[in-house]
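The next block holds one structure in the form of structure tokens; read it before the comments.
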Amino acid sequence: MNLFLFGLVLLIGLMLPPVANLMESVMIIHMHMQMPMLVIAGFFMGQFFQRRFPHFFSKYNQEGIPGILLFIIIMGYWMLPRTMDEALTVNSVELFKFISLPFLAGVPLRDSWKKLSKNRKNYTIGFFTVIFSGMGWLYIQANDQLCNNYLVVDQMILGWGFITMAICMVIYLVYTAVVDPSLYE
């Protein structure tokens, strides 16, 4: 219950207009800080939903694949430049952001991640590595403004943020392939 309350307080704090406006004013903070924090809020609240609806999660997300696919779809949707723009200009899209990221990405991630095998976890991370590399390249190489609400320099900074995250994920994947955790237990 404490994690649920912490996640709920985090979600409400992120929804406060001064906090939301501040985080949405800088493109890289909007994409790489606010959106992951919304997913983390849902991740924290997920334990409550798992206890409240155990039959639902055991029936529809037995091996974790449907939940992780929902997570991938929601995250992919919010990586599109147009959706970031609309979240700033259309109130219903911003409301959808505050609902979809915690409840359609964070909660399924919590339920699915522990059910996935090590290989499926690494495939998921590898998939996001490829997507982040592609999005980074797109944001860096695009000469035109992809988001009307942000400057071209902001999208280049976001592109380098995507590339940095992809490099970190590659380092993690190499680490998991090379290091045997049983040697350190």
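Ligands are numbered from 1 in the order shown, residues from 1 within each chain, and chains are lettered A, B, ... in the order they appear in the structure tokens.
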Shell of 10 Å around A:Val130, only C-alpha atoms, local chain residues under 5 positions omitted, as a list of chain:residue names: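 The filter keeps A:Ile125, A:Met135, A:Gly136, A:Ile163, A:Ala166, A:Met169, A:Val170.
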Please produce a file of those selected residues containing C-alpha atoms, as an mmCIF file, in the first residue's frame.
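Now in selection_28.cif:
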data_model
loop_
_atom_site.group_PDB
_atom_site.id
_atom_site.type_symbol
_atom_site.label_atom_id
_atom_site.label_comp_id
_atom_site.auth_asym_id
_atom_site.auth_seq_id
_atom_site.Cartn_x
_atom_site.Cartn_y
_atom_site.Cartn_z
ATOM 1 C CA ILE A 125 16.020 -3.951 -24.030
ATOM 2 C CA MET A 135 14.946 8.172 -32.844
ATOM 3 C CA GLY A 136 18.251 9.765 -31.857
ATOM 4 C CA ILE A 163 21.820 8.088 -28.452
ATOM 5 C CA ALA A 166 21.020 3.546 -26.457
ATOM 6 C CA MET A 169 21.569 -0.082 -22.953
ATOM 7 C CA VAL A 170 24.271 -1.613 -25.177
#
Excluding A:Ile140 and residues on its chain fewer than 3 positions from it, collect all residues at most 6 Å away from it, counting only C-alpha atoms, and give them as a list of chain:residue names.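 Here the answer would be A:Trp137, A:Met156, A:Gly159.
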Please dump the current selection as an mmCIF file, in the first residue's frame; keep C-alpha atoms.
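Done, and the output landed in again23.cif:
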data_model
loop_
_atom_site.group_PDB
_atom_site.id
_atom_site.type_symbol
_atom_site.label_atom_id
_atom_site.label_comp_id
_atom_site.auth_asym_id
_atom_site.auth_seq_id
_atom_site.Cartn_x
_atom_site.Cartn_y
_atom_site.Cartn_z
ATOM 1 C CA TRP A 137 19.419 9.729 -35.451
ATOM 2 C CA MET A 156 19.147 17.870 -31.379
ATOM 3 C CA GLY A 159 18.516 13.174 -30.169
#
Could you check the closest approach to A:Leu22 for each of A:Ile65, A:Leu88, A:Ile72, A:Val9 and tell me which residue wins, using only C-alpha atoms?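 Comparing A:Ile65, A:Leu88, A:Ile72, A:Val9 against A:Leu22, the winner is A:Leu88.
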Write out as a CSV table (one decimal) with C-alpha atoms, in the first residue's frame the residues lying within 8 Å of stretch 26-39 of chain A, counting only C-alpha atoms and excluding same-chain residues fewer than 3 positions away.
chain,number,residue,atom,x,y,z
A,10,LEU,CA,4.2,11.1,-7.7
A,11,LEU,CA,1.5,11.0,-10.4
A,14,LEU,CA,3.7,15.4,-11.9
A,22,LEU,CA,8.2,23.3,-16.1
A,23,MET,CA,9.0,19.8,-17.3
A,42,GLY,CA,2.4,3.4,-12.6
A,43,PHE,CA,5.1,0.8,-11.8
A,79,MET,CA,8.1,8.7,-28.7
A,98,PHE,CA,-1.1,11.2,-17.7
A,101,LEU,CA,1.9,6.2,-19.3
A,102,PRO,CA,1.2,5.2,-15.6
A,103,PHE,CA,-1.7,2.8,-16.2
A,105,ALA,CA,2.7,1.3,-19.5
A,106,GLY,CA,3.8,1.3,-15.9
A,107,VAL,CA,1.3,-1.2,-14.4
A,150,TYR,CA,10.4,23.2,-29.5
A,154,ASP,CA,16.1,21.2,-28.4
A,155,GLN,CA,15.4,18.3,-30.8
A,157,ILE,CA,19.7,17.7,-27.6
A,158,LEU,CA,16.9,15.2,-27.3
A,161,GLY,CA,19.9,12.0,-25.2
Near-A:Phe57 list (8 Å; only C-alpha atoms; drop same-chain fewer than 5 positions) as number ranges by chain: A: 50, 62, 111
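Proximity to A:Gly126 was assessed for A:Tyr172, A:Tyr184, A:Phe56, A:Phe48 counting only C-alpha atoms; the smallest distance is recorded for A:Tyr172.
We find atom CA of A:Tyr139 and atom CA of A:Met84 to be spaced 13.1 Å apart.
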Expected answer as a PyMOL selection string: helix (DSSP H, G or I) residues in chain A: chain A and resi 2-15+17-24+27-52+54-60+65-79+81-89+91-113+118-141+152-178+181-184
What does the distance between atom CA of A:Asn2 and atom CA of A:Gly67 come to in Å, to one decimal place?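 Here the two named atoms are 23.5 Å from each other.
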Pick the closest to A:Lys115 from A:Thr176, A:Thr83, A:Gln141, A:Ser58: which is it, counting only C-alpha atoms? A:Ser58
Grab the atom CA of A:Leu80 to atom CA of A:Phe44 distance for me, in Å with one decimal place. 25.3 Å
